[in-house]
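Notes follow the structure.
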There are 2 protein chains.
Amino acid sequence: MSDVAAYPVIAPARIPLQAPPAAARSPAIARASQKDGQRCTACSMRSICMPQGLTPREMQRIESFICPSRTIRQGETIYRANDSFQSIYAVRAGSFKTVVMHRDGREQVTGFHLAGDSLGLDGVCFGHHSCDAIAIEDSNVCIIPFHLLEAMCREVKAVQQHLHRIMGGEIVRESSQMMLLGTMSAEQRVATFLLNLSDRLRMRGYSPAEFHLRMTREEIGSYLGIKLETVSRMLSKFQRDGLVDIHGKDIRILDHERLVSV
Amino acid sequence: MSDVAAYPVIAPARIPLQAPPAAARSPAIARASQKDGQRCTACSMRSICMPQGLTPREMQRIESFICPSRTIRQGETIYRANDSFQSIYAVRAGSFKTVVMHRDGREQVTGFHLAGDSLGLDGVCFGHHSCDAIAIEDSNVCIIPFHLLEAMCREVKAVQQHLHRIMGGEIVRESSQMMLLGTMSAEQRVATFLLNLSDRLRMRGYSPAEFHLRMTREEIGSYLGIKLETVSRMLSKFQRDGLVDIHGKDIRILDHERLVSV
DNA sequence: CGAAACCTTGACTGAGGTCAAAACGTGTGG
DNA sequence: CCACACGTTTTGACCTCAGTCAAGGTTTCG
């Protein structure tokens with residue numbers, strides 16, 4: 001618990017009333033279960049997924065309609081493309097990938113979603129989802145019925161603005177990914193991926209220099225628009241050049257500066 | 001006016017009170033000025049940019065805060081990256097590209113926006129825009145102050161849902177563009193681009209088979225993540241294969257089926 | 001402990017990038 | 001109305017980065 005000394009340990013919240021399922025033995029879930037918290041108020045992800053400055057009453061109102069959280073085992077989906085859209089999801093623990101698929105079988109990872117991220121907004125437009133959301137480790141999500149969230153948005157400005165910021169953030173994130181896919185070399189893509197992940201872990205209180213990849217080389221490659229062999233070659237190259245230290249899925253960033261300037 | 005017989009001519013709306021500026025001589029603006037309409041009620045883009053089933057009162061309310069439309073000449077911007085975000089824009093006539101830029105000068109077209117499309121939502125998340133919106137022909141936009149739109153969303157469910165659909169649509173559009181950039185061959189990208197443009201023109205009442213490109217090969221290439229020479233080569237190839245008939249920027253789609261199956 | 005999934009590395013290939021030159025269009029000013 | 005200049009497009013020749021295929025090593029999980 002103190003091996004990440006410099007970074008606060010993520011505290012958990014909204015543990016389901018039932019005894020934790022078998023899956024809770026996995027690290028991510030276990031982490032989320034360390035402390036007992038039933039409410040958003042106590043959730044460490046609050047600062048990411050909830051607006052600031054709500055009154056206790058408003059807070060309670062939100063908690064009242066957030067469904068009991070759900071545990072999703074590695075490889076399982078929260079929703080699939082064409083599933084009817086009812087709710088959005090906030091990742092409480094674990095991580096997910098979203099995958100879009102073309103009829104011809106071509107498929108692409110469009111995002112990795114860590115604790116505190118939202119999932120499911122792709123369904124807002126057409127009332128059905130446009131991608132699969134798949135757990136890449138045993139995970140846990142809050143379920144937020146969208147029509148209730150919309151109702152709340154009509155009453156509380158801060159909630160409305162927060163939802164708009166989340167949706168707007170998704171738009172900006174995707175357009176910077178389009179820039180990566182459209183203009184960067186394989187080397188730059190992999191460097192950008194590592195730096196981006198590092199940033200997001202730092203914002204969540206984890207070490208930005210040392211972390212464990214939850215996804216395979218193939219998933220990274222799909223996300224970056226390159227092949228898994230190319231991902232591997234670039235990582236090896238960074239290793240040779242002393243920018244990173246890599247053992248399988250364990251990453252240590254040695255030279256942040258030079259990684260930025262790749 | 002009847003040379004597109006099978007497709008209804010797009011009617012205009014919300015012409016500014018002042019005499020039309022010099023720019024109004026250009027085709028897109030002239031088209032928008034053919035009929036005199038001061039209100040959204042009369043705007044042909046209504047079905048695209050306004051929700052269905054508003055009461056006259058609600059309609060009036062919206063019209064009351066939409067600012068006088070603004071004319072933007074080819075090459076001019078509505079907003080630039082880092083400009084403070086105040087309003088979103090609905091394209092009334094003409095077309096735009098949005099361009100994101102990296103510090104190192106790399107830049108990429110992230111979208112083309114036709115009459116009826118919205119612009120500016122990239123600013124919602126951080127309060128400043130993350131791309132430039134540049135007119136690729138003389139154009140005209142409605143200006144919708146975002147905080148007033150948000151206020152209206154709190155009062156009228158239909159307006160709220162419409163905004164959410166527009167934002168959600170942007171998310172879906174971008175993720176399918178990520179799939180294009182991540183997995184398709186140059187040939188498929190260009191075919192997809194033509195088909196997509198054709199679809200959007202059809203939905204706006206124009207011929208889906210015959211149209212005029214407003215953008216250069218370089219802008220198309222940037223949008224598709226390939227070089228302008230490659231765009232040109234693919235178009236020539238489609239021409240040789242009898243899929244399209246191309247003269248400069250005038251496109252005629254001859255074999256929609258085979259274009260789909262590229 | 002063994003099977004399956006995942007990762008690394010090498011050799012070869014090819015799609016698309018780069019560079020260059022010429023053709024085409026369009027708007028401007030004489 | 002023409003001529004010129006500039007931006008745009010096309011096409012060819014060549015090159016390179018990343019994809020493909022293959023083989024062997026490592027990790028993970030039942």
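Chain labels A, B, ... are given in the sequence in which chains occur in the structure tokens; within each chain residues are numbered consecutively from 1, and ligands are likewise numbered from 1 in the order shown.
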Legend entry - strand (DSSP E or B) call set, DSSP backbone run, stretch 39-252 of chain A, as a PyMOL selection string: chain A and resi 67-72+77-79+84+87-93+95-101+107-114+118-119+128+132-135+139-145+210-212+244-247+250-252
Give me the residues of chain A that have any atom at most 8 Å from an atom of chain C; for each, the nearest atom pair and the distance in Å, rounded to one decimal. Use only C-alpha atoms (C1' of nucleotides), sort by chain and number, and format it as a Markdown table.
| residue | atom | partner | partner_atom | distance |
| --- | --- | --- | --- | --- |
| A:Thr216 | CA | C:DC6 | C1' | 7.5 |
| A:Arg217 | CA | C:DC7 | C1' | 7.9 |
| A:Ser232 | CA | C:DT8 | C1' | 7.0 |
| A:Arg233 | CA | C:DT8 | C1' | 7.9 |
| A:Gly248 | CA | C:DC7 | C1' | 7.5 |
Quick one: which residues from chain D are at most 10 Å off chain A, using only C-alpha atoms (C1' of nucleotides), as a compact mmCIF listing (two decimals) with all heavy atoms, in the first residue's frame?
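After the write, result.txt holds the following:
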# COMPACT_ATOMS: atom_id res chain seq x y z
P DC D 17 12.52 5.73 -43.52
OP1 DC D 17 13.12 7.04 -43.23
OP2 DC D 17 13.28 4.47 -43.31
O5' DC D 17 11.13 5.62 -42.76
C5' DC D 17 9.98 6.29 -43.26
C4' DC D 17 8.79 5.38 -43.11
O4' DC D 17 8.81 4.36 -44.13
C3' DC D 17 8.70 4.66 -41.77
O3' DC D 17 7.37 4.85 -41.31
C2' DC D 17 9.05 3.20 -42.10
C1' DC D 17 8.61 3.08 -43.56
N1 DC D 17 9.38 2.14 -44.44
C2 DC D 17 8.72 1.39 -45.43
O2 DC D 17 7.49 1.50 -45.55
N3 DC D 17 9.45 0.57 -46.24
C4 DC D 17 10.76 0.48 -46.10
N4 DC D 17 11.43 -0.34 -46.93
C5 DC D 17 11.46 1.23 -45.10
C6 DC D 17 10.74 2.04 -44.28
P DA D 18 6.94 4.45 -39.82
OP1 DA D 18 6.02 5.50 -39.33
OP2 DA D 18 8.16 4.11 -39.05
O5' DA D 18 6.10 3.13 -40.05
C5' DA D 18 4.96 3.22 -40.89
C4' DA D 18 4.59 1.87 -41.40
O4' DA D 18 5.65 1.31 -42.21
C3' DA D 18 4.30 0.83 -40.32
O3' DA D 18 3.11 0.19 -40.71
C2' DA D 18 5.51 -0.09 -40.38
C1' DA D 18 5.79 -0.06 -41.88
N9 DA D 18 7.13 -0.48 -42.28
C8 DA D 18 8.32 -0.18 -41.69
N7 DA D 18 9.37 -0.73 -42.28
C5 DA D 18 8.81 -1.43 -43.34
C6 DA D 18 9.38 -2.23 -44.35
N6 DA D 18 10.69 -2.46 -44.45
N1 DA D 18 8.55 -2.80 -45.26
C2 DA D 18 7.23 -2.56 -45.15
N3 DA D 18 6.57 -1.82 -44.24
C4 DA D 18 7.44 -1.29 -43.36
P DG D 19 2.28 -0.84 -39.93
OP1 DG D 19 0.95 -0.21 -39.81
OP2 DG D 19 2.98 -1.36 -38.74
O5' DG D 19 2.13 -2.00 -41.02
C5' DG D 19 1.53 -1.68 -42.27
C4' DG D 19 1.62 -2.89 -43.18
O4' DG D 19 3.00 -3.13 -43.52
C3' DG D 19 1.10 -4.18 -42.55
O3' DG D 19 0.39 -4.92 -43.54
C2' DG D 19 2.37 -4.90 -42.10
C1' DG D 19 3.38 -4.43 -43.13
N9 DG D 19 4.75 -4.35 -42.62
C8 DG D 19 5.21 -3.63 -41.55
N7 DG D 19 6.49 -3.74 -41.34
C5 DG D 19 6.92 -4.59 -42.36
C6 DG D 19 8.23 -5.08 -42.67
O6 DG D 19 9.30 -4.85 -42.08
N1 DG D 19 8.21 -5.91 -43.78
C2 DG D 19 7.10 -6.22 -44.50
N2 DG D 19 7.27 -7.04 -45.55
N3 DG D 19 5.87 -5.77 -44.24
C4 DG D 19 5.86 -4.96 -43.15
P DT D 26 13.50 -16.51 -23.30
OP1 DT D 26 14.56 -15.65 -22.75
OP2 DT D 26 13.45 -17.97 -23.03
O5' DT D 26 12.10 -15.89 -22.83
C5' DT D 26 11.68 -14.60 -23.29
C4' DT D 26 10.27 -14.39 -22.79
O4' DT D 26 9.35 -15.17 -23.59
C3' DT D 26 10.06 -14.79 -21.34
O3' DT D 26 9.54 -13.67 -20.68
C2' DT D 26 9.06 -15.95 -21.41
C1' DT D 26 8.35 -15.65 -22.73
N1 DT D 26 7.72 -16.79 -23.44
C2 DT D 26 6.36 -16.78 -23.65
O2 DT D 26 5.63 -15.89 -23.28
N3 DT D 26 5.88 -17.86 -24.34
C4 DT D 26 6.60 -18.94 -24.81
O4 DT D 26 6.05 -19.86 -25.41
C5 DT D 26 8.01 -18.91 -24.55
C7 DT D 26 8.89 -20.03 -25.02
C6 DT D 26 8.51 -17.85 -23.89
P DT D 27 9.33 -13.65 -19.10
OP1 DT D 27 9.80 -12.34 -18.59
OP2 DT D 27 9.84 -14.94 -18.55
O5' DT D 27 7.74 -13.66 -18.99
C5' DT D 27 6.97 -12.75 -19.79
C4' DT D 27 5.52 -13.16 -19.73
O4' DT D 27 5.33 -14.38 -20.48
C3' DT D 27 4.99 -13.42 -18.32
O3' DT D 27 3.89 -12.56 -18.15
C2' DT D 27 4.64 -14.91 -18.32
C1' DT D 27 4.38 -15.18 -19.81
N1 DT D 27 4.59 -16.56 -20.32
C2 DT D 27 3.56 -17.19 -20.96
O2 DT D 27 2.46 -16.70 -21.12
N3 DT D 27 3.86 -18.46 -21.43
C4 DT D 27 5.07 -19.12 -21.33
O4 DT D 27 5.22 -20.25 -21.80
C5 DT D 27 6.11 -18.40 -20.64
C7 DT D 27 7.45 -19.03 -20.47
C6 DT D 27 5.82 -17.17 -20.17
Please report as CSV every residue of stretch 65-133 of chain A lying within 10 Å of stretch 42-49 of chain A, along with the nearest atom pair and their distance in Å (one decimal), using only C-alpha atoms.
residue,atom,partner,partner_atom,distance
A:Ala90,CA,A:Cys49,CA,7.1
A:Val91,CA,A:Met45,CA,8.7
A:Arg92,CA,A:Met45,CA,7.0
A:Ala93,CA,A:Met45,CA,9.3
A:Ala115,CA,A:Met45,CA,7.2
A:Gly116,CA,A:Met45,CA,5.1
A:Asp117,CA,A:Cys49,CA,7.0
A:Ser118,CA,A:Cys49,CA,7.5
With all heavy atoms retained, write the just-selected residues as a short mmCIF file (atom, residue, chain, number, x, y, z; two decimals), in the first residue's frame.
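What landed in part_26.cif:
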data_model
loop_
_atom_site.label_atom_id
_atom_site.label_comp_id
_atom_site.auth_asym_id
_atom_site.auth_seq_id
_atom_site.Cartn_x
_atom_site.Cartn_y
_atom_site.Cartn_z
N ALA A 90 -19.57 5.00 -15.44
CA ALA A 90 -18.34 5.61 -14.94
C ALA A 90 -17.47 4.46 -14.44
O ALA A 90 -17.92 3.64 -13.63
CB ALA A 90 -18.64 6.59 -13.82
N VAL A 91 -16.25 4.38 -14.94
CA VAL A 91 -15.36 3.32 -14.50
C VAL A 91 -14.94 3.61 -13.07
O VAL A 91 -14.42 4.67 -12.77
CB VAL A 91 -14.10 3.22 -15.40
CG1 VAL A 91 -13.20 2.08 -14.92
CG2 VAL A 91 -14.49 3.03 -16.85
N ARG A 92 -15.22 2.66 -12.20
CA ARG A 92 -14.87 2.84 -10.79
C ARG A 92 -13.53 2.20 -10.49
O ARG A 92 -12.74 2.69 -9.69
CB ARG A 92 -15.95 2.18 -9.92
CG ARG A 92 -16.51 3.08 -8.85
CD ARG A 92 -17.82 2.54 -8.37
NE ARG A 92 -17.70 1.15 -7.96
CZ ARG A 92 -17.40 0.76 -6.72
NH1 ARG A 92 -17.19 1.65 -5.77
NH2 ARG A 92 -17.32 -0.51 -6.43
N ALA A 93 -13.28 1.09 -11.16
CA ALA A 93 -12.01 0.37 -10.97
C ALA A 93 -11.78 -0.48 -12.21
O ALA A 93 -12.74 -0.96 -12.82
CB ALA A 93 -12.08 -0.51 -9.74
N ALA A 115 -10.11 4.12 -14.60
CA ALA A 115 -10.98 4.52 -13.49
C ALA A 115 -11.20 6.03 -13.55
O ALA A 115 -10.25 6.79 -13.72
CB ALA A 115 -10.37 4.11 -12.17
N GLY A 116 -12.46 6.44 -13.41
CA GLY A 116 -12.80 7.85 -13.47
C GLY A 116 -13.30 8.29 -14.83
O GLY A 116 -13.94 9.33 -14.97
N ASP A 117 -13.00 7.49 -15.88
CA ASP A 117 -13.48 7.83 -17.21
C ASP A 117 -14.93 7.41 -17.38
O ASP A 117 -15.44 6.55 -16.67
CB ASP A 117 -12.63 7.14 -18.29
CG ASP A 117 -11.24 7.72 -18.39
OD1 ASP A 117 -11.05 8.89 -17.98
OD2 ASP A 117 -10.34 7.01 -18.88
N SER A 118 -15.56 8.03 -18.36
CA SER A 118 -16.94 7.65 -18.68
C SER A 118 -16.95 6.75 -19.91
O SER A 118 -16.02 6.73 -20.69
CB SER A 118 -17.77 8.90 -18.97
OG SER A 118 -17.27 9.53 -20.12
#
Inset, instruction - Counting only C-alpha atoms, figure out which residue out of A:Lys97, A:His113, A:His129, A:Arg39 gets nearest to chain B. - result: A:His129
Inset, instruction - Residues of chain B no more than 7 Å from chain A, counting only C-alpha atoms: send them over as a PyMOL selection string. - result: chain B and resi 108+110+121-122+124-125+153-155+164-172+174-175+178-179+181-183+224-225
Inset, instruction - Excluding stretch 240-246 of chain A and residues on its chain fewer than 2 positions from it, collect all residues at most 10 Å away from it, counting only C-alpha atoms (C1' of nucleotides), and give them as a list in words. - result: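 After dropping sequence-adjacent residues, the list is Ala191, Leu194, Ala209, Glu210, His212, Met234, Leu235, Ser236, Lys237, Phe238, Gly248, Lys249, Asp250, Ile251, Arg252, Ile253, Leu254, Asp255, His256, Glu257, Arg258 and Leu259 of chain A.
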Write out, as a tab-separated table (two decimals), in the first residue's frame, the residues just selected, with C-alpha atoms.
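Done, and the output landed in again_20.tsv:
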chain	number	residue	atom	x	y	z
A	191	ALA	CA	5.83	7.71	-27.68
A	194	LEU	CA	3.14	6.18	-23.42
A	209	ALA	CA	7.01	7.05	-14.52
A	210	GLU	CA	6.34	3.47	-13.63
A	212	HIS	CA	1.81	-1.68	-15.82
A	234	MET	CA	9.36	0.83	-31.31
A	235	LEU	CA	9.33	-0.17	-27.65
A	236	SER	CA	12.57	-2.09	-28.18
A	237	LYS	CA	14.04	0.94	-29.91
A	238	PHE	CA	13.11	3.24	-27.01
A	248	GLY	CA	6.83	-7.22	-20.82
A	249	LYS	CA	3.97	-5.06	-19.65
A	250	ASP	CA	5.90	-3.21	-16.98
A	251	ILE	CA	6.96	0.20	-18.19
A	252	ARG	CA	9.36	2.64	-16.61
A	253	ILE	CA	9.85	5.98	-18.31
A	254	LEU	CA	13.49	6.98	-17.94
A	255	ASP	CA	13.73	10.09	-20.08
A	256	HIS	CA	10.45	11.95	-20.32
A	257	GLU	CA	12.02	14.89	-22.16
A	258	ARG	CA	13.47	12.92	-25.02
A	259	LEU	CA	10.28	10.88	-25.30
